[in-house]
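*Asks:* Before anything else, here's the structure in question.
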Amino acid sequence: MGRLRDGIIPFITGTFHLYVAPIAWPAWPQFPKGMEISALDFLAIAILIGTTSKVRTLRQIWPWLAYFAAVVIAIPQGEVKMAGFFYAWQIARVALVCAAAIRIAAYADAPESMVKGIFAGLIFQAMFAISQSASGAAQASGEFSSPNLLGMMAHFAIFPAFALLLARKDTGWALAAFIAAVVVDLLTASRATMGLAAIGLALLGVVSIMKSSTTWKFGIVGAGALMVAAVSPFAIGAIQDRQATNNSESSDAQREAMKDAARMIIADHPFGVGPDQYVVVSNMGGYSARAGVGWMSATRGTSVHESYLLVWAETGLLGLITFLMVLFRPMIGTYRAAFRFRKEFESELLLGFAVATTIVAIHLLYEWLWIMFLLQYTFAMTTGVAIGIAIRLASRSKAPAVRKEARPAEPRPPLEEPVPSPN
């Protein structure tokens, strides 16, 4: 992760198929679809083996370990236990990536390099999205499986990019990534993606100015507000074009019906139905039918469009609590570190990471995409690097000051013997 290629990997894994599945279930109706291994897993292992650190990494990734334990505990609740093992295996891999990100953040230049990799990955995806839109697609998805996933992945680029612009650092990369993210948000035609991006940019600008105000920051925030105003007509047009092909009211009604089905499952299965089991249980158990979910594949063949309900339904209350720890423990710590080390340049980057995870956490209220390993990878990398930065800055602040070397005492001139006065 200390070089450009590391941050870019989640954005190109699907395009170049940088993963394999020794055990593959391609017909399984949910994700994951097998026991998968990716290039990023091998890189994380290499980093953990090839580097040393005084930081207790296991102590820093305890939310991931707790979530992993909750998933394992819920596996016996499922009818298809092997599918539950697939998801537990995925969480273990993601925890490994988070640990490697914490370790590599001990190097001062690594966080910026990883962020530039994310920027390059989003620019790469933006080119595909532009091509798809030019070909008539109402919602561009890039090389991802859905436009909503592309929009959520863009959160990890737009907010660190805006943070670097506020810090007047790496402005070339930051500006290119910021423009690419705005283009991606518009081409996905996702109401949640565009609305949350605008809210996040406003939040980041206000919090950054609260931390330390400069004339440059006021200028960047003002320019950002003008850009949002300028692209608003295009955003409205993109939403209207989408509504011309999709009935938004019907889609919203189906989303609510799916949530009703998830609540029924939670009421009947307080300990969960097992990881990676929701789609099968909601259909075979009759929950979707009773909730009024239509027979379209977009509703019956997918999970409930809220990650919190999905996690709760599959892994029970314990899974939900540990999942919230994974989301909010590093987020709160990153905000605190940004204000504690406000005089450091990296505090601005920490704010960008914190706002990105905040917006993703809100966005998960409308999407089931948390279970996708690419999203989990990017979240783990971002929060892991933020934790590593905070540890490094705290360690540096506690380092004892270097004492000035004592100058050797200059020899004092010998005292002259007094001359006897003549009597």
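Every chain in the structure tokens has a letter given in the order shown (A, B, ...), and although residue numbers restart at 1 in each chain, ligands are simply numbered from 1 in the order shown.
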I want to know what sits within 9 Å of region 296-312 of chain A, based on only C-alpha atoms, with residues of the same chain fewer than 6 positions away left out; could you give that as an mmCIF file with N, CA and C atoms, in the first residue's frame?
*Replies:*
```cif
data_model
loop_
_atom_site.group_PDB
_atom_site.id
_atom_site.type_symbol
_atom_site.label_atom_id
_atom_site.label_comp_id
_atom_site.auth_asym_id
_atom_site.auth_seq_id
_atom_site.Cartn_x
_atom_site.Cartn_y
_atom_site.Cartn_z
ATOM 1 N N PRO A 29 -27.437 -17.099 -4.969
ATOM 2 C CA PRO A 29 -28.127 -15.834 -5.249
ATOM 3 C C PRO A 29 -27.661 -14.636 -4.449
ATOM 4 N N GLN A 30 -26.587 -14.766 -3.716
ATOM 5 C CA GLN A 30 -26.129 -13.655 -2.888
ATOM 6 C C GLN A 30 -24.613 -13.579 -2.935
ATOM 7 N N GLN A 254 -41.144 -0.747 -3.374
ATOM 8 C CA GLN A 254 -40.564 -2.078 -3.274
ATOM 9 C C GLN A 254 -39.449 -2.114 -2.221
ATOM 10 N N ARG A 255 -38.695 -1.050 -2.136
ATOM 11 C CA ARG A 255 -37.659 -0.985 -1.102
ATOM 12 C C ARG A 255 -38.279 -1.079 0.287
ATOM 13 N N GLU A 256 -39.381 -0.373 0.500
ATOM 14 C CA GLU A 256 -40.053 -0.429 1.797
ATOM 15 C C GLU A 256 -40.609 -1.817 2.073
ATOM 16 N N ALA A 257 -41.138 -2.463 1.027
ATOM 17 C CA ALA A 257 -41.647 -3.821 1.204
ATOM 18 C C ALA A 257 -40.516 -4.778 1.593
ATOM 19 N N MET A 258 -39.355 -4.600 0.990
ATOM 20 C CA MET A 258 -38.212 -5.445 1.330
ATOM 21 C C MET A 258 -37.789 -5.232 2.777
ATOM 22 N N LYS A 259 -37.867 -3.998 3.243
ATOM 23 C CA LYS A 259 -37.537 -3.717 4.645
ATOM 24 C C LYS A 259 -38.547 -4.374 5.576
ATOM 25 N N ALA A 261 -40.103 -7.137 4.967
ATOM 26 C CA ALA A 261 -39.741 -8.563 4.975
ATOM 27 C C ALA A 261 -38.565 -8.819 5.908
ATOM 28 N N ALA A 262 -37.567 -7.919 5.888
ATOM 29 C CA ALA A 262 -36.398 -8.076 6.757
ATOM 30 C C ALA A 262 -36.802 -7.984 8.233
ATOM 31 N N ARG A 263 -37.723 -7.086 8.542
ATOM 32 C CA ARG A 263 -38.181 -6.950 9.934
ATOM 33 C C ARG A 263 -38.928 -8.200 10.392
ATOM 34 N N ILE A 266 -36.274 -10.761 11.221
ATOM 35 C CA ILE A 266 -35.630 -10.446 12.502
ATOM 36 C C ILE A 266 -36.530 -10.848 13.661
ATOM 37 N N PRO A 270 -34.355 -14.133 16.023
ATOM 38 C CA PRO A 270 -33.572 -13.117 16.768
ATOM 39 C C PRO A 270 -32.067 -13.343 16.724
ATOM 40 N N PHE A 271 -31.623 -14.566 16.481
ATOM 41 C CA PHE A 271 -30.186 -14.847 16.411
ATOM 42 C C PHE A 271 -29.678 -14.881 14.973
ATOM 43 N N GLY A 272 -30.544 -14.494 14.031
ATOM 44 C CA GLY A 272 -30.146 -14.434 12.644
ATOM 45 C C GLY A 272 -30.469 -15.711 11.891
ATOM 46 N N PRO A 275 -25.171 -16.119 8.009
ATOM 47 C CA PRO A 275 -24.541 -15.236 7.010
ATOM 48 C C PRO A 275 -24.769 -15.750 5.594
ATOM 49 N N TYR A 278 -29.783 -14.447 3.324
ATOM 50 C CA TYR A 278 -30.988 -13.625 3.330
ATOM 51 C C TYR A 278 -31.906 -13.896 2.140
ATOM 52 N N VAL A 279 -31.360 -13.908 0.943
ATOM 53 C CA VAL A 279 -32.189 -14.042 -0.256
ATOM 54 C C VAL A 279 -32.953 -15.364 -0.242
ATOM 55 N N VAL A 280 -32.287 -16.432 0.128
ATOM 56 C CA VAL A 280 -32.929 -17.742 0.166
ATOM 57 C C VAL A 280 -34.045 -17.759 1.212
ATOM 58 N N SER A 282 -35.671 -15.200 2.667
ATOM 59 C CA SER A 282 -36.768 -14.262 2.405
ATOM 60 C C SER A 282 -37.751 -14.825 1.383
ATOM 61 N N ASN A 283 -37.252 -15.645 0.452
ATOM 62 C CA ASN A 283 -38.118 -16.235 -0.569
ATOM 63 C C ASN A 283 -38.703 -17.574 -0.122
ATOM 64 N N SER A 288 -40.922 -12.421 1.728
ATOM 65 C CA SER A 288 -41.061 -11.443 0.647
ATOM 66 C C SER A 288 -42.497 -11.414 0.131
ATOM 67 N N LEU A 318 -26.040 -9.478 17.874
ATOM 68 C CA LEU A 318 -24.598 -9.462 18.093
ATOM 69 C C LEU A 318 -23.867 -9.035 16.826
ATOM 70 N N GLY A 319 -24.307 -9.536 15.696
ATOM 71 C CA GLY A 319 -23.692 -9.131 14.434
ATOM 72 C C GLY A 319 -23.899 -7.662 14.154
ATOM 73 N N LEU A 320 -25.094 -7.143 14.440
ATOM 74 C CA LEU A 320 -25.363 -5.725 14.213
ATOM 75 C C LEU A 320 -24.487 -4.848 15.097
ATOM 76 N N ILE A 321 -24.353 -5.208 16.372
ATOM 77 C CA ILE A 321 -23.556 -4.400 17.307
ATOM 78 C C ILE A 321 -22.094 -4.361 16.877
ATOM 79 N N PHE A 323 -20.939 -4.913 13.904
ATOM 80 C CA PHE A 323 -20.883 -4.187 12.635
ATOM 81 C C PHE A 323 -20.836 -2.685 12.885
ATOM 82 N N LEU A 324 -21.636 -2.199 13.816
ATOM 83 C CA LEU A 324 -21.612 -0.778 14.170
ATOM 84 C C LEU A 324 -20.242 -0.379 14.742
ATOM 85 N N HIS A 363 -24.978 6.219 3.728
ATOM 86 C CA HIS A 363 -25.400 5.643 2.445
ATOM 87 C C HIS A 363 -25.853 4.193 2.618
ATOM 88 N N LEU A 364 -25.283 3.485 3.580
ATOM 89 C CA LEU A 364 -25.647 2.097 3.806
ATOM 90 C C LEU A 364 -27.081 1.953 4.305
ATOM 91 N N LEU A 365 -27.696 3.049 4.714
ATOM 92 C CA LEU A 365 -29.115 3.017 5.070
ATOM 93 C C LEU A 365 -29.994 2.758 3.858
ATOM 94 N N TYR A 366 -29.437 2.952 2.663
ATOM 95 C CA TYR A 366 -30.213 2.822 1.427
ATOM 96 C C TYR A 366 -29.711 1.710 0.523
ATOM 97 N N GLU A 367 -28.647 1.012 0.923
ATOM 98 C CA GLU A 367 -28.059 -0.010 0.061
ATOM 99 C C GLU A 367 -27.664 -1.246 0.859
ATOM 100 N N TRP A 368 -27.645 -2.401 0.180
ATOM 101 C CA TRP A 368 -27.202 -3.652 0.785
ATOM 102 C C TRP A 368 -25.725 -3.922 0.513
ATOM 103 N N LEU A 369 -25.039 -2.991 -0.097
ATOM 104 C CA LEU A 369 -23.728 -3.233 -0.699
ATOM 105 C C LEU A 369 -22.602 -3.503 0.287
ATOM 106 N N TRP A 370 -22.860 -3.411 1.584
ATOM 107 C CA TRP A 370 -21.790 -3.662 2.545
ATOM 108 C C TRP A 370 -21.165 -5.041 2.356
ATOM 109 N N ILE A 371 -21.945 -6.010 1.944
ATOM 110 C CA ILE A 371 -21.434 -7.381 1.855
ATOM 111 C C ILE A 371 -20.497 -7.581 0.667
#
```
*Asks:* Write out as a ChimeraX atom specification which residues come within 9 Å of region 217-227 of chain A when counting only C-alpha atoms, dropping same-chain ones fewer than 5 positions away.
*Replies:* /A:162,165-168,198,201-202,205-206,208-209,212,232
*Asks:* Of the candidates A:Met82, A:Leu122, A:Ile332, A:Ile104, which shows the shortest atom-to-atom distance to Ile12 (chain A), using only C-alpha atoms?
*Replies:*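 The answer is A:Leu122, which sits nearest to Ile12 (chain A).
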*Asks:* Give the answer as one residue: which of A:Ile359, A:Val20, A:Ala180, A:Ile47 has the shortest atom-to-atom distance to Gly195 (chain A), using only C-alpha atoms?
*Replies:*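 Closest residue, counting only C-alpha atoms: A:Ile359.
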*Asks:* Skip Ala101 (chain A) itself and residues of its chain fewer than 4 positions away, then list as a ChimeraX atom specification all residues within 12 Å of it, counting only C-alpha atoms.
*Replies:* /A:1-3,6-7,40-41,43-48,51,57,60-61,94-97,105-107,110-111,113-115,377-389
*Asks:* Only C-alpha atoms, please: the residues just picked out, written as a PDB file, in the first residue's frame.
*Replies:*
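That gives us out-v1.pdb:
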```pdb
ATOM      1  CA  MET A   1       0.000   0.000   0.000  1.00  0.00           C
ATOM      2  CA  GLY A   2       2.957   2.287   0.076  1.00  0.00           C
ATOM      3  CA  ARG A   3       2.916   2.676  -3.683  1.00  0.00           C
ATOM      4  CA  ASP A   6      -2.061  -0.482  -3.687  1.00  0.00           C
ATOM      5  CA  GLY A   7      -4.879   2.049  -3.482  1.00  0.00           C
ATOM      6  CA  LEU A  40      -4.807  -7.613  -2.271  1.00  0.00           C
ATOM      7  CA  ASP A  41      -4.859 -10.508   0.209  1.00  0.00           C
ATOM      8  CA  LEU A  43      -0.115  -8.061  -0.746  1.00  0.00           C
ATOM      9  CA  ALA A  44      -1.465  -7.650   2.795  1.00  0.00           C
ATOM     10  CA  ILE A  45       0.257 -10.856   3.890  1.00  0.00           C
ATOM     11  CA  ALA A  46       3.527  -9.710   2.314  1.00  0.00           C
ATOM     12  CA  ILE A  47       3.317  -6.374   4.153  1.00  0.00           C
ATOM     13  CA  LEU A  48       2.633  -8.015   7.516  1.00  0.00           C
ATOM     14  CA  THR A  51       7.559  -5.168   8.007  1.00  0.00           C
ATOM     15  CA  THR A  57      -2.074  -4.476  15.286  1.00  0.00           C
ATOM     16  CA  GLN A  60      -6.306  -1.954  16.638  1.00  0.00           C
ATOM     17  CA  ILE A  61      -8.473  -4.251  14.511  1.00  0.00           C
ATOM     18  CA  VAL A  94     -10.690  -7.807   5.022  1.00  0.00           C
ATOM     19  CA  ALA A  95      -9.401  -7.716   8.611  1.00  0.00           C
ATOM     20  CA  LEU A  96      -6.015  -8.754   7.256  1.00  0.00           C
ATOM     21  CA  VAL A  97      -6.054  -5.846   4.792  1.00  0.00           C
ATOM     22  CA  ALA A 105       0.872   3.917   7.597  1.00  0.00           C
ATOM     23  CA  ALA A 106       3.915   4.021   9.867  1.00  0.00           C
ATOM     24  CA  TYR A 107       5.778   5.322   6.803  1.00  0.00           C
ATOM     25  CA  ALA A 110       2.449   5.831   2.433  1.00  0.00           C
ATOM     26  CA  PRO A 111      -0.966   7.421   3.159  1.00  0.00           C
ATOM     27  CA  SER A 113       0.498   7.218  -2.050  1.00  0.00           C
ATOM     28  CA  MET A 114      -2.493   5.055  -1.175  1.00  0.00           C
ATOM     29  CA  VAL A 115      -4.852   7.996  -1.680  1.00  0.00           C
ATOM     30  CA  TYR A 377     -11.612  -3.624   1.213  1.00  0.00           C
ATOM     31  CA  THR A 378     -11.712   0.104   0.504  1.00  0.00           C
ATOM     32  CA  PHE A 379     -13.334   0.859   3.852  1.00  0.00           C
ATOM     33  CA  ALA A 380     -10.726  -1.251   5.672  1.00  0.00           C
ATOM     34  CA  MET A 381      -7.826   0.371   3.808  1.00  0.00           C
ATOM     35  CA  THR A 382      -9.115   3.880   4.503  1.00  0.00           C
ATOM     36  CA  THR A 383      -9.825   3.350   8.192  1.00  0.00           C
ATOM     37  CA  GLY A 384      -6.642   1.339   8.657  1.00  0.00           C
ATOM     38  CA  VAL A 385      -4.456   4.097   7.216  1.00  0.00           C
ATOM     39  CA  ALA A 386      -6.306   6.665   9.341  1.00  0.00           C
ATOM     40  CA  ILE A 387      -5.606   4.601  12.467  1.00  0.00           C
ATOM     41  CA  GLY A 388      -1.961   4.239  11.463  1.00  0.00           C
ATOM     42  CA  ILE A 389      -1.577   7.990  10.902  1.00  0.00           C
TER      43      ILE A 389
END
```
*Asks:* CA of Thr315 (chain A) and CA of Ala74 (chain A), how far apart in Å?
*Replies:*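 One can read the CA of Ala74 (chain A) to CA of Thr315 (chain A) distance as 5.2 Å.
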*Asks:* Quick one: residues within 8 Å of Thr193 (chain A), only C-alpha atoms, excluding same-chain residues fewer than 6 positions away - as a ChimeraX atom specification?
*Replies:* /A:148,151-152,185,363
*Asks:* I need the residues of region 220-401 of chain A that end up classed as helix (DSSP H, G or I) by DSSP on the backbone, written out as a ChimeraX atom specification.
*Replies:* /A:220-245,248-268,278-284,287-291,297-300,307-340,346-363,369-371,373-398
*Asks:* Can you pull out every residue within 10 Å of His269 (chain A), counting only C-alpha atoms, but drop anything in the same chain fewer than 4 positions away, and send it as a VMD selection string?
*Replies:* chain A and resid 77 263 to 265 273 to 274 312 to 316
*Asks:* With a distance cut-off of 9 Å and only C-alpha atoms, select the neighbouring residues of Phe144 (chain A), excluding the residue or stretch itself and same-chain residues fewer than 5 positions from it, and output the selection as a PyMOL selection string.
*Replies:* chain A and resi 11+14-15+125+149-150
*Asks:* Between CA of Leu186 (chain A) and CA of Ala235 (chain A), what is the distance in Å, rounded to a tenth?
*Replies:* 5.7 Å
*Asks:* Give me, as a compact mmCIF listing (two decimals) with N, CA and C atoms, in the first residue's frame, all polymer residues having an atom no more than 7 Å from Ala356 (chain A), counting only C-alpha atoms and skipping those fewer than 3 positions away in the same chain.
*Replies:*
```txt
# COMPACT_ATOMS: atom_id res chain seq x y z
N HIS A 155 -17.16 7.89 -2.96
CA HIS A 155 -17.05 8.63 -1.70
C HIS A 155 -15.62 8.59 -1.15
N PHE A 156 -14.93 7.47 -1.37
CA PHE A 156 -13.58 7.32 -0.83
C PHE A 156 -12.56 8.17 -1.58
N PHE A 159 -13.92 12.94 -1.05
CA PHE A 159 -13.69 13.66 0.20
C PHE A 159 -12.20 13.80 0.55
N GLY A 352 -10.71 14.13 5.76
CA GLY A 352 -11.26 13.57 4.53
C GLY A 352 -11.67 12.12 4.71
N PHE A 353 -10.83 11.32 5.38
CA PHE A 353 -11.17 9.93 5.66
C PHE A 353 -12.40 9.83 6.56
N ILE A 359 -20.16 9.42 5.45
CA ILE A 359 -21.12 9.41 4.35
C ILE A 359 -21.42 7.97 3.91
N VAL A 360 -20.41 7.12 3.91
CA VAL A 360 -20.65 5.71 3.56
C VAL A 360 -21.61 5.08 4.57
```
*Asks:* Under the rule that only C-alpha atoms are counted, which of A:Met284, A:Ile130, A:Leu164, A:Leu374 is the nearest residue to Leu350 (chain A)?
*Replies:*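 Comparing A:Met284, A:Ile130, A:Leu164, A:Leu374 against Leu350 (chain A), the winner is A:Leu164.
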*Asks:* Determine the nearest neighbour of Gly34 (chain A) from the options A:Ala354, A:Ser347, A:Leu196, A:Phe86, counting only C-alpha atoms.
*Replies:*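 Closest to Gly34 (chain A), using only C-alpha atoms: A:Phe86.
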*Asks:* Have a look at CA of Lys169 (chain A) and CA of Met210 (chain A) and let me know their distance in Å, one decimal.
*Replies:*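 Straight-line distance from CA of Lys169 (chain A) to CA of Met210 (chain A) works out to 18.9 Å.
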